[in-house]
Amino acid sequence: MDLDTPMGMVPLSAGGSARTGATILCCNCGAPIDGTSSAGALCYDCIKSTVDISQGIPREGTLHFCRDCDRWLMPPTTWVTATPESRELLSLCLKKLRNLGKVRITDARFVWTEPHSRRIKVKITIQDSVADGVLMQQSFEVVYVVAYQQCRECAKSYTANVWRAAVQVRQKVTHKRTFLLLEQLILKHQAHRDTINIKEEKDGIDFYFAQQNQAVAFINFLKSVVPVFVKESKHLISQDTHTGVKQYKYSYSVELVPICRDDLVALPMKLAKSIGNITPLVLCHRIGTAVNLLDPNTLQTAEVSSDIYWRAPFAPLAGAPDMVEFIVMDVESTGVRKGKWLLAELTVARASDLGVNDQTYFARTHLGGVLHPGDSVMGYLLTGSNFNSSMLDAIEESKTYGSTIPDVVLVKKHYPNRRRNRKRNWKLKRMAKDEGDLLPKATDQAKMDAEYEMFLRDVEEDEELRAALALYKNTKKTKAQDPDAMSVAETEMTVDEEGPKINMEELLDDFEELDIQDKA
């Protein structure tokens with residue numbers, strides 16, 4: 001062959017292209033794949049069918065739930081609160097799965113199940129690298145079985161003598177009016193939710209707690225609503241000689257001030273000058289974080305804080321059982337007003353003296369805005385009364401205040417035609433207490449009912465007191481009676497009653513009484 005002979009160039013066909021990579025066949029199904037980016041000579045479909053990135057992650061689990069306190073167990077010993085299908089419950093479910101930290105979680109959500117099935121389903125989506133440059137994503141479901149288990153705190157509550165802290169609330173008075181108010185405040189703010197037992201004693205109530213910090217929080221609540229004096233004591237129950245750890249039982253004695261609303265108080269002369277130079281003979285018109293006092297002759301107000309009172313405590317001069325009913329004969333307003341009070345000069349007579357004698361009394365009162373001639377009013381009769389009080393004797397011997405002691409101190413308006421235990425459109429909740437061996441006698445029960453009725457009347461008459469309490473609608477239906485069985489007492493009840501009434505707009509719905517009834 002002649003080397004110098006020219007040779008022609010063969011042109012590249014129009015459909016030809018430059019080679020970009022090696023093409024190989026899948027070792028499993030024979031599909032052509034790119035050999036430079038394939039993982040183990042497998043196509044993507046074969047990788048999904050043969051590789052399981054969720055291997056080692058369990059598909060079933062168990063969640064422990066306490067039915068008494070509605071809490072979930074977070075191992076090993078922690079109990080947490082979580083609502084159904086919440087972020088807290090989802091986090092608890094994910095923490096129960098092993099080997100989940102080796103992969104990346106991209107999504108997790110709840111799958112609906114029947115509420116009574118005691119099953120919780122969670123759909124989880126994860127990602128993981130199966131080879132160089134190959135990222136695989138997979139979704140699967142995990143089923144959790146809800147198992148009931150009682151937590152340690154609830155188990156203790158059903159066992160006797162397991163409390164660690166006791167708060168003994170006492171008040172040295174002959175009635176329970178302050179405890180009735182305190183009970184409503186505790187119920188409204190749910191301050192008793194951590195108690196394991198509530199026991200009623202002779203002069204008060206005992207609250208038992210499983211932890212000391214719960215008792216301290218309850219005492220702080222009492223300090224925020226009433227003036228109290230607290231004493232603490234502790235008793236050693238066990239000790240570890242190796243580690244020095246000691247276990248104590250704590251007891252807190254909480255004493256309430258013996259002064260109640262509407263009490264007549266004779267202040268020490270020095271204390272009366274230090275709180276605004278108020279007249280020593282005053283009325284207690286409110287009990288809050290301090291004792292609020294009112295001079296009905298001048299409408300001057302003052303307050304005695306808890307620290308000042310317990311530095312030099314004093315007892316009330318007279319209480320609600322000592323009040324006497326008076327009839328207003330004449331009213332003359334002075335025009336002096338302070339808030340809801342209006343100063344007026346009244347001429348009153350005892351209701352028991354009407355038709356017997358003509359004895360009348362002159363009084364200055366703060367009730368000028370609500371009293372009219374012919375109304376009934378409750379008050380304290382000082383003339384001819386022996387109170388056996390050294391502070392009142394000091395006021396009578398004083399040159400400044402001896403001549404200012406009135407004959408009558410009027411306290412509040414009275415509605416004599418208002419029936420006792422009448423049907424009300426509202427109600428108050430009561431706290432469940434363990435009476436123990438102190439079951440009330442028939443006479444004591446009648447006294448307690450009378451005090452509770454007086455407290456309900458105070459709630460009706462005082463708007464400020466109602467604002468601090470939680471009043472609920474009374475939805476109980478009266479039983480159907482025979483229309484022919486009409487007595488004289490029932491015919492008298494048709495007359496409109498006196499006294500203030502509470503509007504339905506101020507009442508709350510009691511959801512505990514709501515139930516589902518089948519329609520006929």
# chains A, B, ... in the order shown; residues from 1 in each chain; ligands from 1
call {"tool": "closest_atom_pairs", "arguments": {"of": "range 402-476 of chain A", "to": "range 360-373 of chain A", "cutoff": "12 Å", "atoms": "only C-alpha atoms", "output": "tab-separated table"}}
result
residue	atom	partner	partner_atom	distance
A:Thr404	CA	A:Arg364	CA	11.2
A:Ile405	CA	A:Ala363	CA	10.5
A:Pro406	CA	A:Ala363	CA	6.9
A:Asp407	CA	A:Tyr361	CA	6.8
A:Val408	CA	A:Ala363	CA	5.9
A:Val409	CA	A:Ala363	CA	6.8
A:Leu410	CA	A:Thr365	CA	6.2
A:Val411	CA	A:Leu367	CA	8.0
A:Lys412	CA	A:Leu367	CA	7.2
A:Lys413	CA	A:Leu371	CA	7.1
A:His414	CA	A:Leu371	CA	9.7
A:Tyr415	CA	A:Leu371	CA	11.4
A:Glu461	CA	A:Val370	CA	11.4
call {"tool": "write_last_selection", "arguments": {"atoms": "N, CA, C and O atoms", "output": "tab-separated table (two decimals), in the first residue's frame"}}
result
chain	number	residue	atom	x	y	z
A	404	THR	N	-67.25	60.63	122.88
A	404	THR	CA	-67.64	60.32	121.49
A	404	THR	C	-68.22	58.92	121.34
A	404	THR	O	-68.55	58.51	120.23
A	405	ILE	N	-68.34	58.18	122.43
A	405	ILE	CA	-68.88	56.81	122.33
A	405	ILE	C	-70.38	56.90	122.07
A	405	ILE	O	-71.13	57.46	122.87
A	406	PRO	N	-70.87	56.36	120.98
A	406	PRO	CA	-72.31	56.47	120.66
A	406	PRO	C	-73.13	55.47	121.45
A	406	PRO	O	-72.61	54.50	122.03
A	407	ASP	N	-74.44	55.69	121.44
A	407	ASP	CA	-75.35	54.73	122.07
A	407	ASP	C	-75.57	53.50	121.19
A	407	ASP	O	-75.74	52.39	121.70
A	408	VAL	N	-75.58	53.72	119.88
A	408	VAL	CA	-75.86	52.64	118.92
A	408	VAL	C	-74.86	52.75	117.77
A	408	VAL	O	-74.57	53.87	117.30
A	409	VAL	N	-74.34	51.61	117.31
A	409	VAL	CA	-73.49	51.54	116.13
A	409	VAL	C	-74.21	50.67	115.11
A	409	VAL	O	-74.36	49.45	115.31
A	410	LEU	N	-74.68	51.28	114.02
A	410	LEU	CA	-75.42	50.55	112.99
A	410	LEU	C	-74.44	49.92	112.00
A	410	LEU	O	-73.45	50.54	111.61
A	411	VAL	N	-74.77	48.71	111.55
A	411	VAL	CA	-73.83	47.94	110.74
A	411	VAL	C	-74.35	47.74	109.32
A	411	VAL	O	-73.68	48.09	108.35
A	412	LYS	N	-75.54	47.16	109.15
A	412	LYS	CA	-76.02	46.85	107.82
A	412	LYS	C	-77.54	46.81	107.81
A	412	LYS	O	-78.18	46.63	108.85
A	413	LYS	N	-78.09	46.97	106.62
A	413	LYS	CA	-79.54	46.92	106.45
A	413	LYS	C	-80.04	45.49	106.59
A	413	LYS	O	-79.38	44.54	106.17
A	414	HIS	N	-81.23	45.37	107.17
A	414	HIS	CA	-81.81	44.06	107.44
A	414	HIS	C	-83.12	43.92	106.68
A	414	HIS	O	-83.88	44.89	106.55
A	415	TYR	N	-83.37	42.70	106.18
A	415	TYR	CA	-84.59	42.42	105.44
A	415	TYR	C	-85.37	41.35	106.22
A	415	TYR	O	-85.14	40.14	106.05
A	461	GLU	N	-75.76	40.75	99.33
A	461	GLU	CA	-75.82	42.17	99.64
A	461	GLU	C	-74.57	42.93	99.25
A	461	GLU	O	-74.63	44.15	99.07
call {"tool": "select_by_dssp", "arguments": {"residues": "range 113-249 of chain A", "states": "strand (DSSP E or B)", "output": "MDAnalysis selection string"}}
result
chainID A and resid 119:131 134:148 165:170 195:200 204:209 228:239 246:249
call {"tool": "write_last_selection", "arguments": {"atoms": "C-alpha atoms", "output": "mmCIF file, in the first residue's frame"}}
result
data_model
loop_
_atom_site.group_PDB
_atom_site.id
_atom_site.type_symbol
_atom_site.label_atom_id
_atom_site.label_comp_id
_atom_site.auth_asym_id
_atom_site.auth_seq_id
_atom_site.Cartn_x
_atom_site.Cartn_y
_atom_site.Cartn_z
ATOM 1 C CA ARG A 119 -54.050 2.851 71.066
ATOM 2 C CA ILE A 120 -51.942 5.750 69.797
ATOM 3 C CA LYS A 121 -50.544 5.674 66.235
ATOM 4 C CA VAL A 122 -47.671 7.864 65.087
ATOM 5 C CA LYS A 123 -46.513 8.132 61.456
ATOM 6 C CA ILE A 124 -42.773 8.884 61.244
ATOM 7 C CA THR A 125 -40.766 9.889 58.166
ATOM 8 C CA ILE A 126 -36.981 9.422 58.324
ATOM 9 C CA GLN A 127 -33.982 9.922 56.017
ATOM 10 C CA ASP A 128 -30.618 8.182 55.908
ATOM 11 C CA SER A 129 -27.662 7.723 53.522
ATOM 12 C CA VAL A 130 -27.409 4.198 52.077
ATOM 13 C CA ALA A 131 -24.279 4.840 49.933
ATOM 14 C CA VAL A 134 -27.590 8.271 47.737
ATOM 15 C CA LEU A 135 -30.118 9.578 50.302
ATOM 16 C CA MET A 136 -33.165 7.460 51.055
ATOM 17 C CA GLN A 137 -36.446 8.506 52.692
ATOM 18 C CA GLN A 138 -38.922 6.112 54.314
ATOM 19 C CA SER A 139 -42.215 6.389 56.257
ATOM 20 C CA PHE A 140 -43.643 3.904 58.750
ATOM 21 C CA GLU A 141 -46.199 3.756 61.586
ATOM 22 C CA VAL A 142 -45.636 2.950 65.237
ATOM 23 C CA VAL A 143 -48.486 1.721 67.454
ATOM 24 C CA TYR A 144 -48.397 2.522 71.187
ATOM 25 C CA VAL A 145 -50.522 0.673 73.720
ATOM 26 C CA VAL A 146 -51.776 2.870 76.601
ATOM 27 C CA ALA A 147 -51.300 0.977 79.862
ATOM 28 C CA TYR A 148 -52.725 2.276 83.139
ATOM 29 C CA ALA A 165 -46.341 18.431 105.322
ATOM 30 C CA ALA A 166 -49.500 19.486 107.172
ATOM 31 C CA VAL A 167 -50.995 22.966 107.307
ATOM 32 C CA GLN A 168 -53.264 23.463 110.322
ATOM 33 C CA VAL A 169 -55.504 26.489 109.768
ATOM 34 C CA ARG A 170 -57.128 27.761 112.959
ATOM 35 C CA THR A 195 -53.648 18.201 98.831
ATOM 36 C CA ILE A 196 -53.869 14.479 99.537
ATOM 37 C CA ASN A 197 -56.406 14.929 102.345
ATOM 38 C CA ILE A 198 -58.493 17.697 103.925
ATOM 39 C CA LYS A 199 -59.717 17.073 107.459
ATOM 40 C CA GLU A 200 -62.072 19.239 109.465
ATOM 41 C CA GLY A 204 -60.384 24.880 111.797
ATOM 42 C CA ILE A 205 -59.232 22.679 108.925
ATOM 43 C CA ASP A 206 -56.098 20.586 108.347
ATOM 44 C CA PHE A 207 -54.574 20.339 104.859
ATOM 45 C CA TYR A 208 -52.140 17.476 104.135
ATOM 46 C CA PHE A 209 -49.547 17.539 101.350
ATOM 47 C CA VAL A 228 -52.243 35.035 109.139
ATOM 48 C CA PHE A 229 -49.543 34.130 111.638
ATOM 49 C CA VAL A 230 -47.429 31.067 110.757
ATOM 50 C CA LYS A 231 -45.386 28.774 112.994
ATOM 51 C CA GLU A 232 -43.265 25.910 111.647
ATOM 52 C CA SER A 233 -42.122 22.692 113.277
ATOM 53 C CA LYS A 234 -40.550 19.495 111.937
ATOM 54 C CA HIS A 235 -40.187 15.926 113.134
ATOM 55 C CA LEU A 236 -37.381 13.554 112.128
ATOM 56 C CA ILE A 237 -38.765 10.275 110.753
ATOM 57 C CA SER A 238 -35.672 8.631 109.197
ATOM 58 C CA GLN A 239 -31.946 9.165 108.730
ATOM 59 C CA LYS A 246 -32.636 12.957 106.729
ATOM 60 C CA GLN A 247 -36.379 12.749 106.185
ATOM 61 C CA TYR A 248 -38.694 15.114 108.067
ATOM 62 C CA LYS A 249 -42.390 15.668 108.520
#
call {"tool": "residues_around", "arguments": {"residues": "range 501-506 of chain A", "least_positions_apart": "6", "cutoff": "10 Å", "atoms": "only C-alpha atoms", "output": "ChimeraX atom specification"}}
result
/A:424-426,457,459-461,463,466-467,470-473
call {"tool": "residues_around", "arguments": {"residues": "Pro58 in chain A", "least_positions_apart": "4", "cutoff": "9 Å", "atoms": "only C-alpha atoms", "output": "PDB file with N, CA, C and O atoms, in the first residue's frame"}}
result
ATOM      1  N   SER A  54     -35.078   1.781  58.352  1.00  0.00           N
ATOM      2  CA  SER A  54     -35.740   1.787  59.660  1.00  0.00           C
ATOM      3  C   SER A  54     -35.505   0.497  60.428  1.00  0.00           C
ATOM      4  O   SER A  54     -36.179   0.255  61.437  1.00  0.00           O
ATOM      5  N   LEU A  97     -38.756   5.319  71.490  1.00  0.00           N
ATOM      6  CA  LEU A  97     -38.253   4.444  70.420  1.00  0.00           C
ATOM      7  C   LEU A  97     -36.734   4.358  70.464  1.00  0.00           C
ATOM      8  O   LEU A  97     -36.040   5.392  70.556  1.00  0.00           O
ATOM      9  N   ARG A  98     -36.208   3.142  70.359  1.00  0.00           N
ATOM     10  CA  ARG A  98     -34.770   2.924  70.320  1.00  0.00           C
ATOM     11  C   ARG A  98     -34.248   3.118  68.896  1.00  0.00           C
ATOM     12  O   ARG A  98     -34.974   2.939  67.917  1.00  0.00           O
ATOM     13  N   ASN A  99     -32.976   3.469  68.803  1.00  0.00           N
ATOM     14  CA  ASN A  99     -32.249   3.614  67.529  1.00  0.00           C
ATOM     15  C   ASN A  99     -32.823   4.711  66.632  1.00  0.00           C
ATOM     16  O   ASN A  99     -32.477   4.778  65.443  1.00  0.00           O
ATOM     17  N   VAL A 142     -45.931   3.589  63.963  1.00  0.00           N
ATOM     18  CA  VAL A 142     -45.636   2.950  65.237  1.00  0.00           C
ATOM     19  C   VAL A 142     -46.917   2.976  66.072  1.00  0.00           C
ATOM     20  O   VAL A 142     -47.570   4.025  66.185  1.00  0.00           O
TER      21      VAL A 142
END
call {"tool": "atom_distance", "arguments": {"atom1": "CA of Lys172 in chain A", "atom2": "CA of Ser224 in chain A"}}
result
20.2 Å
call {"tool": "residues_around", "arguments": {"residues": "range 263-274 of chain A", "least_positions_apart": "6", "cutoff": "10 Å", "atoms": "only C-alpha atoms", "output": "JSON, numbers by chain"}}
result
{"A": [280, 281, 282, 283, 284, 285, 286, 293, 294, 302, 304, 308, 309, 312, 313, 314, 315, 316, 317, 318, 319, 320, 321, 322, 323, 379, 380, 389, 390, 391, 392, 393, 394, 395, 398, 401, 409, 411]}
call {"tool": "write_last_selection", "arguments": {"atoms": "N, CA and C atoms", "output": "CSV table (one decimal), in the first residue's frame"}}
result
chain,number,residue,atom,x,y,z
A,280,PRO,N,-60.9,55.2,118.2
A,280,PRO,CA,-60.6,53.8,118.6
A,280,PRO,C,-61.7,52.9,118.5
A,281,LEU,N,-63.0,53.4,118.5
A,281,LEU,CA,-64.2,52.5,118.4
A,281,LEU,C,-64.6,52.5,116.9
A,282,VAL,N,-64.3,51.4,116.2
A,282,VAL,CA,-64.6,51.3,114.8
A,282,VAL,C,-65.2,50.0,114.4
A,283,LEU,N,-65.6,49.9,113.1
A,283,LEU,CA,-66.2,48.7,112.5
A,283,LEU,C,-65.2,48.1,111.6
A,284,CYS,N,-65.2,46.8,111.5
A,284,CYS,CA,-64.5,46.1,110.5
A,284,CYS,C,-65.4,45.9,109.3
A,285,HIS,N,-65.1,46.5,108.2
A,285,HIS,CA,-65.9,46.4,107.0
A,285,HIS,C,-65.4,45.5,105.9
A,286,ARG,N,-64.2,45.0,106.1
A,286,ARG,CA,-63.6,44.1,105.1
A,286,ARG,C,-62.3,43.4,105.7
A,293,LEU,N,-60.7,49.0,108.6
A,293,LEU,CA,-61.6,49.5,109.6
A,293,LEU,C,-62.3,50.8,109.1
A,294,LEU,N,-63.5,51.1,109.7
A,294,LEU,CA,-64.3,52.2,109.3
A,294,LEU,C,-64.8,52.9,110.5
A,302,ALA,N,-59.2,53.1,107.8
A,302,ALA,CA,-57.8,52.8,108.2
A,302,ALA,C,-57.7,51.2,108.0
A,304,VAL,N,-55.1,47.8,109.3
A,304,VAL,CA,-54.1,47.2,110.2
A,304,VAL,C,-53.5,46.0,109.5
A,308,ILE,N,-48.4,44.4,111.8
A,308,ILE,CA,-48.8,45.3,112.9
A,308,ILE,C,-49.7,44.6,113.9
A,309,TYR,N,-50.7,43.8,113.4
A,309,TYR,CA,-51.7,43.2,114.3
A,309,TYR,C,-51.0,42.1,115.1
A,312,ALA,N,-49.0,43.2,118.3
A,312,ALA,CA,-49.8,43.4,119.5
A,312,ALA,C,-51.3,43.0,119.2
A,313,PRO,N,-51.6,41.7,119.2
A,313,PRO,CA,-53.0,41.3,118.9
A,313,PRO,C,-54.0,41.8,119.8
A,314,PHE,N,-55.2,41.9,119.3
A,314,PHE,CA,-56.4,42.3,120.1
A,314,PHE,C,-57.6,41.6,119.6
A,315,ALA,N,-58.6,41.4,120.5
A,315,ALA,CA,-59.8,40.7,120.1
A,315,ALA,C,-60.9,41.7,119.8
A,316,PRO,N,-61.9,41.3,119.0
A,316,PRO,CA,-63.1,42.2,118.7
A,316,PRO,C,-63.9,42.4,120.0
A,317,LEU,N,-64.6,43.5,120.0
A,317,LEU,CA,-65.4,43.9,121.1
A,317,LEU,C,-66.8,43.1,121.0
A,318,ALA,N,-67.3,43.0,119.9
A,318,ALA,CA,-68.6,42.3,119.7
A,318,ALA,C,-68.6,41.8,118.2
A,319,GLY,N,-69.4,40.7,118.0
A,319,GLY,CA,-69.5,40.1,116.7
A,319,GLY,C,-71.0,40.0,116.2
A,320,ALA,N,-71.1,39.3,115.1
A,320,ALA,CA,-72.5,39.3,114.4
A,320,ALA,C,-73.5,38.7,115.3
A,321,PRO,N,-73.3,37.7,116.2
A,321,PRO,CA,-74.4,37.2,117.1
A,321,PRO,C,-74.8,38.2,118.1
A,322,ASP,N,-74.1,39.2,118.4
A,322,ASP,CA,-74.5,40.3,119.4
A,322,ASP,C,-75.3,41.4,118.8
A,323,MET,N,-75.5,41.4,117.5
A,323,MET,CA,-76.2,42.5,116.8
A,323,MET,C,-77.7,42.4,117.2
A,379,GLY,N,-77.5,46.4,114.3
A,379,GLY,CA,-76.4,47.2,114.9
A,379,GLY,C,-76.1,46.7,116.3
A,380,TYR,N,-75.2,47.4,116.9
A,380,TYR,CA,-74.8,47.1,118.3
A,380,TYR,C,-75.3,48.1,119.2
A,389,SER,N,-64.1,44.8,128.6
A,389,SER,CA,-63.0,45.0,127.8
A,389,SER,C,-62.1,46.1,128.4
A,390,SER,N,-60.9,45.9,128.6
A,390,SER,CA,-60.0,46.9,129.1
A,390,SER,C,-59.7,48.0,128.1
A,391,MET,N,-59.7,47.7,126.8
A,391,MET,CA,-59.5,48.8,125.8
A,391,MET,C,-60.7,49.7,125.7
A,392,LEU,N,-62.0,49.1,125.9
A,392,LEU,CA,-63.1,50.0,125.9
A,392,LEU,C,-63.2,50.8,127.2
A,393,ASP,N,-62.7,50.3,128.3
A,393,ASP,CA,-62.6,51.1,129.5
A,393,ASP,C,-61.6,52.2,129.4
A,394,ALA,N,-60.5,52.0,128.6
A,394,ALA,CA,-59.5,53.0,128.4
A,394,ALA,C,-60.1,54.1,127.5
A,395,ILE,N,-61.0,53.7,126.6
A,395,ILE,CA,-61.6,54.8,125.7
A,395,ILE,C,-62.6,55.6,126.5
A,398,SER,N,-60.8,58.1,128.6
A,398,SER,CA,-60.1,59.1,127.8
A,398,SER,C,-60.8,60.4,127.8
A,401,TYR,N,-61.7,60.8,123.7
A,401,TYR,CA,-62.7,60.0,123.1
A,401,TYR,C,-63.8,59.5,124.0
A,409,VAL,N,-74.3,51.6,117.3
A,409,VAL,CA,-73.5,51.5,116.1
A,409,VAL,C,-74.2,50.7,115.1
A,411,VAL,N,-74.8,48.7,111.6
A,411,VAL,CA,-73.8,47.9,110.7
A,411,VAL,C,-74.3,47.7,109.3
call {"tool": "atom_distance", "arguments": {"atom1": "CA of Gly374 in chain A", "atom2": "CA of Asp330 in chain A"}}
result
8.2 Å
call {"tool": "closest_residue", "arguments": {"among": "A:Val80, A:Cys93, A:Cys154, A:Met454", "to": "Glu60 in chain A", "atoms": "only C-alpha atoms"}}
result
A:Cys93
call {"tool": "closest_residue", "arguments": {"among": "A:Asn277, A:Lys423, A:Asn28, A:Val226", "to": "Glu255 in chain A", "atoms": "only C-alpha atoms"}}
result
A:Val226
call {"tool": "closest_atom_pairs", "arguments": {"of": "range 289-316 of chain A", "to": "range 332-347 of chain A", "cutoff": "12 Å", "atoms": "only C-alpha atoms", "output": "tab-separated table"}}
result
residue	atom	partner	partner_atom	distance
A:Leu294	CA	A:Trp341	CA	10.5
A:Asp295	CA	A:Leu343	CA	10.6
A:Pro296	CA	A:Leu343	CA	7.7
A:Asn297	CA	A:Leu343	CA	7.5
A:Thr298	CA	A:Leu343	CA	7.5
A:Leu299	CA	A:Lys338	CA	6.9
A:Gln300	CA	A:Lys338	CA	8.8
A:Thr301	CA	A:Lys338	CA	9.9
call {"tool": "atom_distance", "arguments": {"atom1": "CA of Leu507 in chain A", "atom2": "CA of Arg430 in chain A"}}
result
16.2 Å
call {"tool": "residues_around", "arguments": {"residues": "Glu451 in chain A", "least_positions_apart": "6", "cutoff": "12 Å", "atoms": "only C-alpha atoms", "output": "PyMOL selection string"}}
result
chain A and resi 174-181+320-321+420-421+444-445+457-458
call {"tool": "write_last_selection", "arguments": {"atoms": "N, CA, C and O atoms", "output": "PDB file, in the first residue's frame"}}
result
ATOM      1  N   THR A 174     -66.060  31.743 117.627  1.00  0.00           N
ATOM      2  CA  THR A 174     -67.161  30.807 117.873  1.00  0.00           C
ATOM      3  C   THR A 174     -67.975  30.500 116.626  1.00  0.00           C
ATOM      4  O   THR A 174     -68.968  29.774 116.713  1.00  0.00           O
ATOM      5  N   HIS A 175     -67.591  31.050 115.491  1.00  0.00           N
ATOM      6  CA  HIS A 175     -68.352  30.823 114.265  1.00  0.00           C
ATOM      7  C   HIS A 175     -67.392  30.473 113.132  1.00  0.00           C
ATOM      8  O   HIS A 175     -66.170  30.496 113.309  1.00  0.00           O
ATOM      9  N   LYS A 176     -67.943  30.136 111.979  1.00  0.00           N
ATOM     10  CA  LYS A 176     -67.160  29.689 110.822  1.00  0.00           C
ATOM     11  C   LYS A 176     -67.276  30.645 109.640  1.00  0.00           C
ATOM     12  O   LYS A 176     -67.044  30.243 108.498  1.00  0.00           O
ATOM     13  N   ARG A 177     -67.628  31.892 109.866  1.00  0.00           N
ATOM     14  CA  ARG A 177     -67.874  32.796 108.743  1.00  0.00           C
ATOM     15  C   ARG A 177     -66.605  33.045 107.931  1.00  0.00           C
ATOM     16  O   ARG A 177     -66.632  33.060 106.699  1.00  0.00           O
ATOM     17  N   THR A 178     -65.482  33.238 108.624  1.00  0.00           N
ATOM     18  CA  THR A 178     -64.231  33.478 107.897  1.00  0.00           C
ATOM     19  C   THR A 178     -63.806  32.232 107.127  1.00  0.00           C
ATOM     20  O   THR A 178     -63.283  32.321 106.009  1.00  0.00           O
ATOM     21  N   PHE A 179     -64.028  31.045 107.689  1.00  0.00           N
ATOM     22  CA  PHE A 179     -63.670  29.818 106.985  1.00  0.00           C
ATOM     23  C   PHE A 179     -64.550  29.605 105.763  1.00  0.00           C
ATOM     24  O   PHE A 179     -64.098  29.024 104.770  1.00  0.00           O
ATOM     25  N   LEU A 180     -65.797  30.055 105.811  1.00  0.00           N
ATOM     26  CA  LEU A 180     -66.655  29.944 104.637  1.00  0.00           C
ATOM     27  C   LEU A 180     -66.121  30.806 103.493  1.00  0.00           C
ATOM     28  O   LEU A 180     -66.132  30.397 102.326  1.00  0.00           O
ATOM     29  N   LEU A 181     -65.665  32.023 103.826  1.00  0.00           N
ATOM     30  CA  LEU A 181     -65.065  32.884 102.800  1.00  0.00           C
ATOM     31  C   LEU A 181     -63.759  32.297 102.299  1.00  0.00           C
ATOM     32  O   LEU A 181     -63.486  32.285 101.088  1.00  0.00           O
ATOM     33  N   ALA A 320     -71.147  39.327 115.088  1.00  0.00           N
ATOM     34  CA  ALA A 320     -72.463  39.279 114.441  1.00  0.00           C
ATOM     35  C   ALA A 320     -73.549  38.693 115.341  1.00  0.00           C
ATOM     36  O   ALA A 320     -74.696  39.157 115.295  1.00  0.00           O
ATOM     37  N   PRO A 321     -73.277  37.689 116.199  1.00  0.00           N
ATOM     38  CA  PRO A 321     -74.352  37.183 117.061  1.00  0.00           C
ATOM     39  C   PRO A 321     -74.850  38.196 118.083  1.00  0.00           C
ATOM     40  O   PRO A 321     -75.934  38.012 118.656  1.00  0.00           O
ATOM     41  N   ARG A 420     -85.840  32.215 104.977  1.00  0.00           N
ATOM     42  CA  ARG A 420     -84.620  31.454 105.154  1.00  0.00           C
ATOM     43  C   ARG A 420     -84.696  30.188 104.292  1.00  0.00           C
ATOM     44  O   ARG A 420     -85.750  29.573 104.148  1.00  0.00           O
ATOM     45  N   ASN A 421     -83.529  29.834 103.726  1.00  0.00           N
ATOM     46  CA  ASN A 421     -83.419  28.627 102.874  1.00  0.00           C
ATOM     47  C   ASN A 421     -84.372  28.684 101.677  1.00  0.00           C
ATOM     48  O   ASN A 421     -84.979  27.687 101.290  1.00  0.00           O
ATOM     49  N   ASP A 444     -75.436  21.604 116.711  1.00  0.00           N
ATOM     50  CA  ASP A 444     -74.302  22.188 115.993  1.00  0.00           C
ATOM     51  C   ASP A 444     -74.595  22.295 114.501  1.00  0.00           C
ATOM     52  O   ASP A 444     -74.187  23.266 113.842  1.00  0.00           O
ATOM     53  N   GLN A 445     -75.286  21.317 113.938  1.00  0.00           N
ATOM     54  CA  GLN A 445     -75.632  21.369 112.519  1.00  0.00           C
ATOM     55  C   GLN A 445     -76.576  22.522 112.229  1.00  0.00           C
ATOM     56  O   GLN A 445     -76.450  23.198 111.198  1.00  0.00           O
ATOM     57  N   ARG A 457     -76.376  35.439 102.507  1.00  0.00           N
ATOM     58  CA  ARG A 457     -76.999  36.762 102.482  1.00  0.00           C
ATOM     59  C   ARG A 457     -75.957  37.863 102.330  1.00  0.00           C
ATOM     60  O   ARG A 457     -76.209  38.867 101.643  1.00  0.00           O
ATOM     61  N   ASP A 458     -74.795  37.680 102.951  1.00  0.00           N
ATOM     62  CA  ASP A 458     -73.724  38.657 102.771  1.00  0.00           C
ATOM     63  C   ASP A 458     -73.261  38.702 101.318  1.00  0.00           C
ATOM     64  O   ASP A 458     -72.936  39.764 100.779  1.00  0.00           O
TER      65      ASP A 458
END
call {"tool": "select_by_dssp", "arguments": {"residues": "range 18-219 of chain A", "states": "helix (DSSP H, G or I)", "output": "VMD selection string"}}
result
chain A and resid 44 to 50 87 to 95 100 to 102 115 to 117 152 to 157 177 to 189 212 to 219
call {"tool": "residues_around", "arguments": {"residues": "range 184-194 of chain A", "least_positions_apart": "5", "cutoff": "9 Å", "atoms": "only C-alpha atoms", "output": "number ranges by chain"}}
result
A: 179, 207-211, 214-215, 217-218, 221-222, 225, 428-431, 468-470
call {"tool": "write_last_selection", "arguments": {"atoms": "C-alpha atoms", "output": "compact mmCIF listing (two decimals), in the first residue's frame"}}
result
# COMPACT_ATOMS: atom_id res chain seq x y z
CA PHE A 179 -63.67 29.82 106.98
CA PHE A 207 -54.57 20.34 104.86
CA TYR A 208 -52.14 17.48 104.14
CA PHE A 209 -49.55 17.54 101.35
CA ALA A 210 -47.10 15.00 99.93
CA GLN A 211 -44.27 17.54 99.53
CA GLN A 214 -46.64 22.29 98.08
CA ALA A 215 -47.45 23.26 101.66
CA ALA A 217 -47.10 27.42 98.21
CA PHE A 218 -50.46 26.94 99.98
CA PHE A 221 -51.71 31.76 99.02
CA LEU A 222 -53.25 32.15 102.48
CA VAL A 225 -55.93 36.62 100.94
CA LEU A 428 -71.65 28.04 95.77
CA LYS A 429 -69.46 24.97 95.60
CA ARG A 430 -68.25 23.31 98.79
CA MET A 431 -64.91 21.69 99.45
CA ALA A 468 -64.02 37.86 94.66
CA LEU A 469 -66.00 34.58 94.57
CA ALA A 470 -67.13 32.13 91.89
